[in-house]
>>> print(open('final-v7.pdb').read())   # PDB, C-alpha atoms
ATOM      1  CA  MET A 901     -32.633  16.857  -9.430
ATOM      2  CA  SER A 902     -35.498  19.094  -8.380
ATOM      3  CA  PRO A 903     -34.904  22.744  -7.374
ATOM      4  CA  LYS A 904     -35.518  21.768  -3.732
ATOM      5  CA  GLN A 905     -32.919  18.993  -3.941
ATOM      6  CA  GLN A 906     -30.476  21.389  -5.605
ATOM      7  CA  ARG A 907     -30.932  23.875  -2.770
ATOM      8  CA  GLY A 908     -30.402  21.094  -0.240
ATOM      9  CA  ALA A 909     -27.232  19.919  -1.972
ATOM     10  CA  ALA A 910     -25.942  23.518  -2.120
ATOM     11  CA  THR A 911     -26.641  23.949   1.613
ATOM     12  CA  VAL A 912     -24.766  20.724   2.419
ATOM     13  CA  GLU A 913     -21.783  21.833   0.343
ATOM     14  CA  HIS A 914     -21.826  25.304   1.918
ATOM     15  CA  LEU A 915     -21.911  23.840   5.437
ATOM     16  CA  LEU A 916     -19.024  21.471   4.710
ATOM     17  CA  THR A 917     -16.924  24.236   3.167
ATOM     18  CA  SER A 918     -17.679  26.569   6.078
ATOM     19  CA  ALA A 919     -16.890  23.843   8.619
ATOM     20  CA  LEU A 920     -13.503  23.190   7.039
ATOM     21  CA  ARG A 921     -12.726  26.915   7.055
ATOM     22  CA  VAL A 922     -13.707  27.189  10.732
ATOM     23  CA  TYR A 923     -11.485  24.240  11.591
ATOM     24  CA  ALA A 924      -8.551  25.689   9.662
ATOM     25  CA  GLU A 925      -8.909  29.102  11.296
ATOM     26  CA  ARG A 926      -9.816  28.089  14.868
ATOM     27  CA  GLY A 927      -8.503  24.567  15.344
ATOM     28  CA  GLN A 928     -10.077  21.735  17.302
ATOM     29  CA  GLU A 929     -11.086  23.930  20.245
ATOM     30  CA  GLY A 930     -12.862  26.455  18.028
ATOM     31  CA  PHE A 931     -14.594  23.827  15.914
ATOM     32  CA  THR A 932     -18.069  24.119  17.417
ATOM     33  CA  VAL A 933     -21.588  23.993  16.112
ATOM     34  CA  GLY A 934     -22.036  27.681  16.978
ATOM     35  CA  ALA A 935     -18.909  28.656  15.060
ATOM     36  CA  VAL A 936     -20.011  26.702  11.984
ATOM     37  CA  THR A 937     -23.582  28.042  11.933
ATOM     38  CA  SER A 938     -22.250  31.567  12.442
ATOM     39  CA  ALA A 939     -19.641  31.252   9.670
ATOM     40  CA  SER A 940     -22.063  29.633   7.233
ATOM     41  CA  GLY A 941     -25.171  31.669   8.019
ATOM     42  CA  VAL A 942     -27.097  28.381   8.053
ATOM     43  CA  SER A 943     -29.467  27.743  10.939
ATOM     44  CA  LEU A 944     -28.880  25.063  13.533
ATOM     45  CA  GLY A 945     -32.139  23.418  12.460
ATOM     46  CA  SER A 946     -30.950  23.190   8.866
ATOM     47  CA  LEU A 947     -27.586  21.742   9.942
ATOM     48  CA  TYR A 948     -29.381  19.075  11.978
ATOM     49  CA  HIS A 949     -31.816  18.422   9.135
ATOM     50  CA  HIS A 950     -28.979  17.636   6.729
ATOM     51  CA  PHE A 951     -26.506  15.913   9.060
ATOM     52  CA  GLY A 952     -28.500  14.754  12.094
ATOM     53  CA  SER A 953     -25.967  16.200  14.533
ATOM     54  CA  PHE A 954     -22.745  18.180  14.680
ATOM     55  CA  GLY A 955     -20.912  14.848  14.797
ATOM     56  CA  GLY A 956     -22.685  13.912  11.578
ATOM     57  CA  LEU A 957     -21.385  17.086   9.949
ATOM     58  CA  ALA A 958     -17.840  16.355  11.169
ATOM     59  CA  ALA A 959     -18.062  12.777   9.875
ATOM     60  CA  ALA A 960     -19.350  13.971   6.490
ATOM     61  CA  LEU A 961     -16.477  16.444   6.268
ATOM     62  CA  TYR A 962     -13.979  13.750   7.231
ATOM     63  CA  CYS A 963     -15.414  11.438   4.552
ATOM     64  CA  ARG A 964     -15.282  14.211   1.951
ATOM     65  CA  CYS A 965     -11.612  14.941   2.716
ATOM     66  CA  MET A 966     -10.752  11.226   2.837
ATOM     67  CA  ALA A 967     -12.496  10.581  -0.476
ATOM     68  CA  GLN A 968     -10.647  13.506  -2.044
ATOM     69  CA  VAL A 969      -7.166  12.289  -1.123
ATOM     70  CA  CYS A 970      -8.001   8.666  -1.922
ATOM     71  CA  ASP A 971      -9.515   9.522  -5.308
ATOM     72  CA  GLU A 972      -6.431  11.537  -6.218
ATOM     73  CA  MET A 973      -4.180   8.624  -5.208
ATOM     74  CA  ILE A 974      -6.294   6.077  -7.074
ATOM     75  CA  ASP A 975      -6.381   8.227 -10.227
ATOM     76  CA  ALA A 976      -2.600   8.640 -10.113
ATOM     77  CA  LEU A 977      -2.071   4.935  -9.395
ATOM     78  CA  TYR A 978      -4.189   3.682 -12.284
ATOM     79  CA  ARG A 979      -2.462   6.024 -14.743
ATOM     80  CA  THR A 980       0.946   4.437 -14.112
ATOM     81  CA  ARG A 981       2.512   1.747 -16.254
ATOM     82  CA  THR A 982       4.803  -0.090 -13.851
ATOM     83  CA  THR A 983       4.611  -1.334 -10.301
ATOM     84  CA  ARG A 984       7.462   0.921  -9.267
ATOM     85  CA  THR A 985       5.892   4.072 -10.678
ATOM     86  CA  GLY A 986       2.547   3.074  -9.143
ATOM     87  CA  ILE A 987       3.922   2.882  -5.609
ATOM     88  CA  GLN A 988       5.844   6.109  -6.163
ATOM     89  CA  ALA A 989       2.670   7.798  -7.452
ATOM     90  CA  LEU A 990       0.770   6.848  -4.291
ATOM     91  CA  VAL A 991       3.445   8.444  -2.132
ATOM     92  CA  ARG A 992       3.892  11.569  -4.244
ATOM     93  CA  THR A 993       0.158  12.165  -4.567
ATOM     94  CA  TYR A 994      -0.427  11.982  -0.817
ATOM     95  CA  LEU A 995       2.454  14.363  -0.141
ATOM     96  CA  ARG A 996       1.253  16.782  -2.824
ATOM     97  CA  PHE A 997      -2.235  16.647  -1.331
ATOM     98  CA  ILE A 998      -0.790  17.877   1.973
ATOM     99  CA  GLN A 999       0.844  20.796   0.182
ATOM    100  CA  GLU A1000      -2.097  21.718  -2.031
ATOM    101  CA  HIS A1001      -4.998  21.005   0.351
ATOM    102  CA  ARG A1002      -3.507  21.827   3.709
ATOM    103  CA  ASP A1003      -6.837  22.553   5.422
ATOM    104  CA  ALA A1004      -8.344  19.222   4.352
ATOM    105  CA  ALA A1005      -5.167  17.346   5.320
ATOM    106  CA  LEU A1006      -5.103  19.026   8.722
ATOM    107  CA  PHE A1007      -8.738  18.102   9.350
ATOM    108  CA  LEU A1008      -8.113  14.487   8.333
ATOM    109  CA  HIS A1009      -5.091  14.022  10.547
ATOM    110  CA  ALA A1010      -6.381  15.886  13.588
ATOM    111  CA  SER A1011      -9.923  14.524  13.418
ATOM    112  CA  SER A1012      -8.770  10.916  13.574
ATOM    113  CA  TYR A1013      -8.564  11.416  17.338
ATOM    114  CA  SER A1014     -11.795  13.396  17.682
ATOM    115  CA  GLY A1015     -14.812  12.206  19.600
ATOM    116  CA  HIS A1016     -17.019  13.695  16.863
ATOM    117  CA  LEU A1017     -16.333  10.709  14.611
ATOM    118  CA  ALA A1018     -16.871   7.832  17.053
ATOM    119  CA  ALA A1019     -20.598   7.467  16.348
ATOM    120  CA  HIS A1020     -19.921   7.337  12.610
ATOM    121  CA  ALA A1021     -17.118   4.748  12.617
ATOM    122  CA  GLU A1022     -19.075   2.325  10.441
ATOM    123  CA  GLU A1023     -19.711   4.902   7.715
ATOM    124  CA  ILE A1024     -16.042   5.953   7.739
ATOM    125  CA  ARG A1025     -14.858   2.343   7.675
ATOM    126  CA  ALA A1026     -17.102   1.604   4.678
ATOM    127  CA  LEU A1027     -15.591   4.510   2.763
ATOM    128  CA  LYS A1028     -12.036   3.451   3.618
ATOM    129  CA  ASP A1029     -12.780  -0.176   2.680
ATOM    130  CA  GLU A1030     -14.072   0.937  -0.712
ATOM    131  CA  LYS A1031     -11.174   3.291  -1.481
ATOM    132  CA  PHE A1032      -8.377   1.113  -0.130
ATOM    133  CA  GLY A1033     -10.003  -1.868  -1.812
ATOM    134  CA  ARG A1034      -9.272  -0.198  -5.168
ATOM    135  CA  ILE A1035      -5.628   0.170  -4.177
ATOM    136  CA  ALA A1036      -5.491  -3.452  -2.978
ATOM    137  CA  ALA A1037      -7.066  -4.558  -6.277
ATOM    138  CA  TRP A1038      -4.244  -2.823  -8.156
ATOM    139  CA  MET A1039      -1.630  -4.483  -5.944
ATOM    140  CA  ALA A1040      -3.040  -8.040  -5.982
ATOM    141  CA  PRO A1041      -1.914  -9.122  -9.483
ATOM    142  CA  ARG A1042       1.459  -7.477  -8.903
ATOM    143  CA  ILE A1043       1.925  -9.459  -5.718
ATOM    144  CA  GLU A1044       1.035 -12.630  -7.652
ATOM    145  CA  ALA A1045       3.537 -11.670 -10.348
ATOM    146  CA  GLY A1046       6.266 -11.301  -7.701
ATOM    147  CA  GLU A1047       6.639  -7.541  -8.171
ATOM    148  CA  ILE A1048       5.499  -6.624  -4.641
ATOM    149  CA  ALA A1049       6.378  -8.475  -1.438
ATOM    150  CA  PRO A1050       3.661 -11.028  -0.552
ATOM    151  CA  LEU A1051       2.542  -9.359   2.661
ATOM    152  CA  PRO A1052      -0.959  -8.954   4.107
ATOM    153  CA  ALA A1053      -2.745  -5.842   2.836
ATOM    154  CA  PRO A1054      -2.577  -4.020   6.210
ATOM    155  CA  LEU A1055       1.213  -4.426   6.346
ATOM    156  CA  LEU A1056       1.620  -3.183   2.780
ATOM    157  CA  GLU A1057      -0.571  -0.197   3.636
ATOM    158  CA  ILE A1058       1.648   0.546   6.643
ATOM    159  CA  LEU A1059       4.837   0.268   4.569
ATOM    160  CA  VAL A1060       3.514   2.536   1.806
ATOM    161  CA  LEU A1061       1.414   5.073   3.689
ATOM    162  CA  GLY A1062       2.771   4.864   7.244
ATOM    163  CA  PRO A1063       5.831   7.030   6.551
ATOM    164  CA  VAL A1064       3.727   9.422   4.478
ATOM    165  CA  ILE A1065       1.091   9.814   7.182
ATOM    166  CA  GLU A1066       3.781  10.474   9.797
ATOM    167  CA  THR A1067       5.350  13.038   7.467
ATOM    168  CA  ALA A1068       1.939  14.686   7.132
ATOM    169  CA  ARG A1069       1.387  14.783  10.893
ATOM    170  CA  ARG A1070       4.762  16.355  11.561
ATOM    171  CA  SER A1071       4.390  18.809   8.719
ATOM    172  CA  LEU A1072       0.888  19.868   9.725
ATOM    173  CA  THR A1073       1.367  20.134  13.484
ATOM    174  CA  HIS A1074       5.008  21.267  13.731
ATOM    175  CA  THR A1075       5.231  19.021  16.790
ATOM    176  CA  PHE A1076       8.728  18.035  15.765
ATOM    177  CA  VAL A1077      11.396  19.648  13.624
ATOM    178  CA  ASP A1078       9.800  21.236  10.574
ATOM    179  CA  ILE A1079       9.513  18.831   7.648
ATOM    180  CA  ASP A1080      10.593  19.946   4.195
ATOM    181  CA  LEU A1081       7.780  18.501   2.067
ATOM    182  CA  ASP A1082       9.615  19.132  -1.189
ATOM    183  CA  GLU A1083      12.498  17.032   0.108
ATOM    184  CA  ALA A1084      10.019  14.351   1.214
ATOM    185  CA  VAL A1085       8.521  14.307  -2.289
ATOM    186  CA  ARG A1086      12.014  13.805  -3.728
ATOM    187  CA  GLU A1087      13.253  11.199  -1.264
ATOM    188  CA  LEU A1088      10.370   9.089  -0.002
ATOM    189  CA  PRO A1089       8.778   7.634  -3.170
ATOM    190  CA  ASP A1090      11.784   5.543  -4.193
ATOM    191  CA  ARG A1091      12.733   4.596  -0.632
ATOM    192  CA  ILE A1092       9.189   3.410   0.063
ATOM    193  CA  TRP A1093       9.155   1.497  -3.238
ATOM    194  CA  ARG A1094      12.312  -0.314  -2.128
ATOM    195  CA  SER A1095      10.601  -1.293   1.131
ATOM    196  CA  VAL A1096       7.809  -3.206  -0.674
ATOM    197  CA  ARG A1097       9.875  -4.921  -3.323
ATOM    198  CA  PRO A1098      10.137  -8.715  -2.898
TER     199      PRO A1098
END
>>> encode(input="final-v7.pdb", output="structure tokens")
Amino acid sequence: MSPKQQRGAATVEHLLTSALRVYAERGQEGFTVGAVTSASGVSLGSLYHHFGSFGGLAAALYCRCMAQVCDEMIDALYRTRTTRTGIQALVRTYLRFIQEHRDAALFLHASSYSGHLAAHAEEIRALKDEKFGRIAAWMAPRIEAGEIAPLPAPLLEILVLGPVIETARRSLTHTFVDIDLDEAVRELPDRIWRSVRP
């Protein structure tokens, strides 16, 4: 990588890090192009050069956060030895991600409803297809072996991650009664495993 490319990559990383910090500190309403350029010290022209638009920056940040949580889940999944411990690892890893990377988790869950991402749906879908494809590839032989219920991939995803995503939303937004994430880490992995057994 040339020095110019290295500077460009460093600027991209700095903008993404600054954008996440702005979102964490100011929320959806304060997440503006002016706030990000001010916090990062990077010019509007440079932001547009690297991302095309503020929506492009938001989509890149969403993809970075999504890739981070998915990669952690995939790494944990492929280190397990049994189907049961694999499903439990998926659940535990997602819940731990919420605890350890709260800003990224908040951006992921709140941005799903943001207009910033609409123009980049194809790029986001491609990332999700790739990451969730790795999880589906791990599950496929276990479904064939009768260790996981023979359900369509979207239904298995809902059974495994649906409760975890709802736990994340409640924990991050405090919309409902506060969620004890440590209790969720203790209780949910085995209960979710039982829901996908044949």
>>> resolve_selection(input="final-v7.pdb", expression="the PyMOL selection byres ((chain A and resi 924-928) around 8)", output="PyMOL selection string")
chain A and resi 920-923+929-931+1003+1006-1007+1010
>>> write_last_selection(input="final-v7.pdb", atoms="C-alpha atoms", output="mmCIF file, in the coordinates of the input")
data_model
loop_
_atom_site.group_PDB
_atom_site.id
_atom_site.type_symbol
_atom_site.label_atom_id
_atom_site.label_comp_id
_atom_site.auth_asym_id
_atom_site.auth_seq_id
_atom_site.Cartn_x
_atom_site.Cartn_y
_atom_site.Cartn_z
ATOM 1 C CA LEU A 920 -13.503 23.190 7.039
ATOM 2 C CA ARG A 921 -12.726 26.915 7.055
ATOM 3 C CA VAL A 922 -13.707 27.189 10.732
ATOM 4 C CA TYR A 923 -11.485 24.240 11.591
ATOM 5 C CA GLU A 929 -11.086 23.930 20.245
ATOM 6 C CA GLY A 930 -12.862 26.455 18.028
ATOM 7 C CA PHE A 931 -14.594 23.827 15.914
ATOM 8 C CA ASP A 1003 -6.837 22.553 5.422
ATOM 9 C CA LEU A 1006 -5.103 19.026 8.722
ATOM 10 C CA PHE A 1007 -8.738 18.102 9.350
ATOM 11 C CA ALA A 1010 -6.381 15.886 13.588
#
>>> residues_around(input="final-v7.pdb", residues="region 979-993 of chain A", least_positions_apart="6", cutoff="6 Å", atoms="only C-alpha atoms", output="NGL selection string")
:A and (973 or 1085 or 1089 or 1093)
>>> closest_residue(input="final-v7.pdb", among="A:Val942, A:His1020, A:Ile974, A:Thr917", to="Ala959 (chain A)", atoms="only C-alpha atoms")
A:His1020
>>> closest_residue(input="final-v7.pdb", among="A:Met966, A:Met901, A:Ala958, A:Leu947", to="Ala1018 (chain A)", atoms="all atoms listed in the file")
A:Ala958
>>> atom_distance(input="final-v7.pdb", atom1="CA of Ile1079 (chain A)", atom2="CA of Glu1066 (chain A)")
10.4 Å
>>> residues_around(input="final-v7.pdb", residues="Asp1078 (chain A)", least_positions_apart="5", cutoff="12 Å", atoms="all atoms listed in the file", output="list in words")
Thr1067, Ala1068, Arg1069, Arg1070, Ser1071, Leu1072, Thr1073, Glu1083 and Ala1084 of chain A
>>> resolve_selection(input="final-v7.pdb", expression="the PyMOL selection byres ((chain A and resi 939) around 9)", output="list in words")
Leu915, Ser918, Ala919, Arg921, Val922, Gly934, Ala935, Val936, Thr937, Ser938, Ser940, Gly941 and Val942 of chain A
>>> residues_around(input="final-v7.pdb", residues="region 1032-1037 of chain A", least_positions_apart="4", cutoff="9 Å", atoms="all atoms listed in the file", output="list in words")
Cys970, Met973, Ile974, Leu977, Tyr978, Leu1027, Lys1028, Pro1041, Ala1053 and Glu1057 of chain A
>>> residues_around(input="final-v7.pdb", residues="Ala967 (chain A)", least_positions_apart="5", cutoff="12 Å", atoms="all atoms listed in the file", output="ChimeraX atom specification")
/A:959-962,972-975,997,1004-1005,1008,1024-1032
>>> closest_residue(input="final-v7.pdb", among="A:Gly945, A:Arg1097, A:Ile1092, A:Leu916", to="Ala1045 (chain A)", atoms="only C-alpha atoms")
A:Arg1097
>>> closest_residue(input="final-v7.pdb", among="A:Ser1011, A:Arg907, A:Val1096, A:Ala1019", to="Pro1052 (chain A)", atoms="all atoms listed in the file")
A:Val1096
>>> atom_distance(input="final-v7.pdb", atom1="CA of Leu1056 (chain A)", atom2="CA of Pro1098 (chain A)")
11.6 Å
>>> closest_residue(input="final-v7.pdb", among="A:Val912, A:Cys963, A:Ala976, A:Ala1049", to="Phe951 (chain A)", atoms="all atoms listed in the file")
A:Val912
>>> atom_distance(input="final-v7.pdb", atom1="CA of Leu995 (chain A)", atom2="CA of Pro1063 (chain A)")
10.5 Å
>>> closest_residue(input="final-v7.pdb", among="A:Thr911, A:Leu944, A:Gly955, A:Asp1090", to="Ala1021 (chain A)", atoms="only C-alpha atoms")
A:Gly955
>>> axis_aligned_box(input="final-v7.pdb", around="region 925-940 of chain A", padding_each_side="4 Å", output="lines of an AutoDock Vina configuration file")
center_x = -16.0
center_y = 26.7
center_z = 13.7
size_x = 23.1
size_y = 17.8
size_z = 21.0
>>> decode(input="final-v7.pdb", residues="region 999-1010 of chain A", atoms="N, CA and C atoms", output="compact mmCIF listing (two decimals), in the first residue's frame")
# COMPACT_ATOMS: atom_id res chain seq x y z
N GLN A 999 -22.39 -6.17 25.65
CA GLN A 999 -21.77 -5.68 26.88
C GLN A 999 -20.43 -4.99 26.60
N GLU A 1000 -19.65 -5.58 25.71
CA GLU A 1000 -18.28 -5.11 25.51
C GLU A 1000 -18.15 -4.03 24.43
N HIS A 1001 -19.12 -3.96 23.54
CA HIS A 1001 -19.08 -2.98 22.44
C HIS A 1001 -20.43 -2.27 22.37
N ARG A 1002 -20.79 -1.66 23.46
CA ARG A 1002 -22.11 -1.06 23.57
C ARG A 1002 -22.39 -0.01 22.48
N ASP A 1003 -21.41 0.82 22.17
CA ASP A 1003 -21.62 1.86 21.15
C ASP A 1003 -21.93 1.24 19.79
N ALA A 1004 -21.15 0.23 19.41
CA ALA A 1004 -21.37 -0.44 18.12
C ALA A 1004 -22.73 -1.14 18.11
N ALA A 1005 -23.08 -1.80 19.21
CA ALA A 1005 -24.37 -2.49 19.29
C ALA A 1005 -25.52 -1.51 19.20
N LEU A 1006 -25.39 -0.38 19.87
CA LEU A 1006 -26.43 0.65 19.83
C LEU A 1006 -26.60 1.16 18.40
N PHE A 1007 -25.50 1.42 17.72
CA PHE A 1007 -25.58 1.91 16.34
C PHE A 1007 -26.26 0.88 15.45
N LEU A 1008 -25.89 -0.39 15.60
CA LEU A 1008 -26.49 -1.44 14.78
C LEU A 1008 -28.00 -1.51 14.97
N HIS A 1009 -28.42 -1.52 16.22
CA HIS A 1009 -29.84 -1.73 16.50
C HIS A 1009 -30.68 -0.50 16.20
N ALA A 1010 -30.15 0.67 16.42
CA ALA A 1010 -30.91 1.89 16.15
C ALA A 1010 -30.89 2.23 14.67
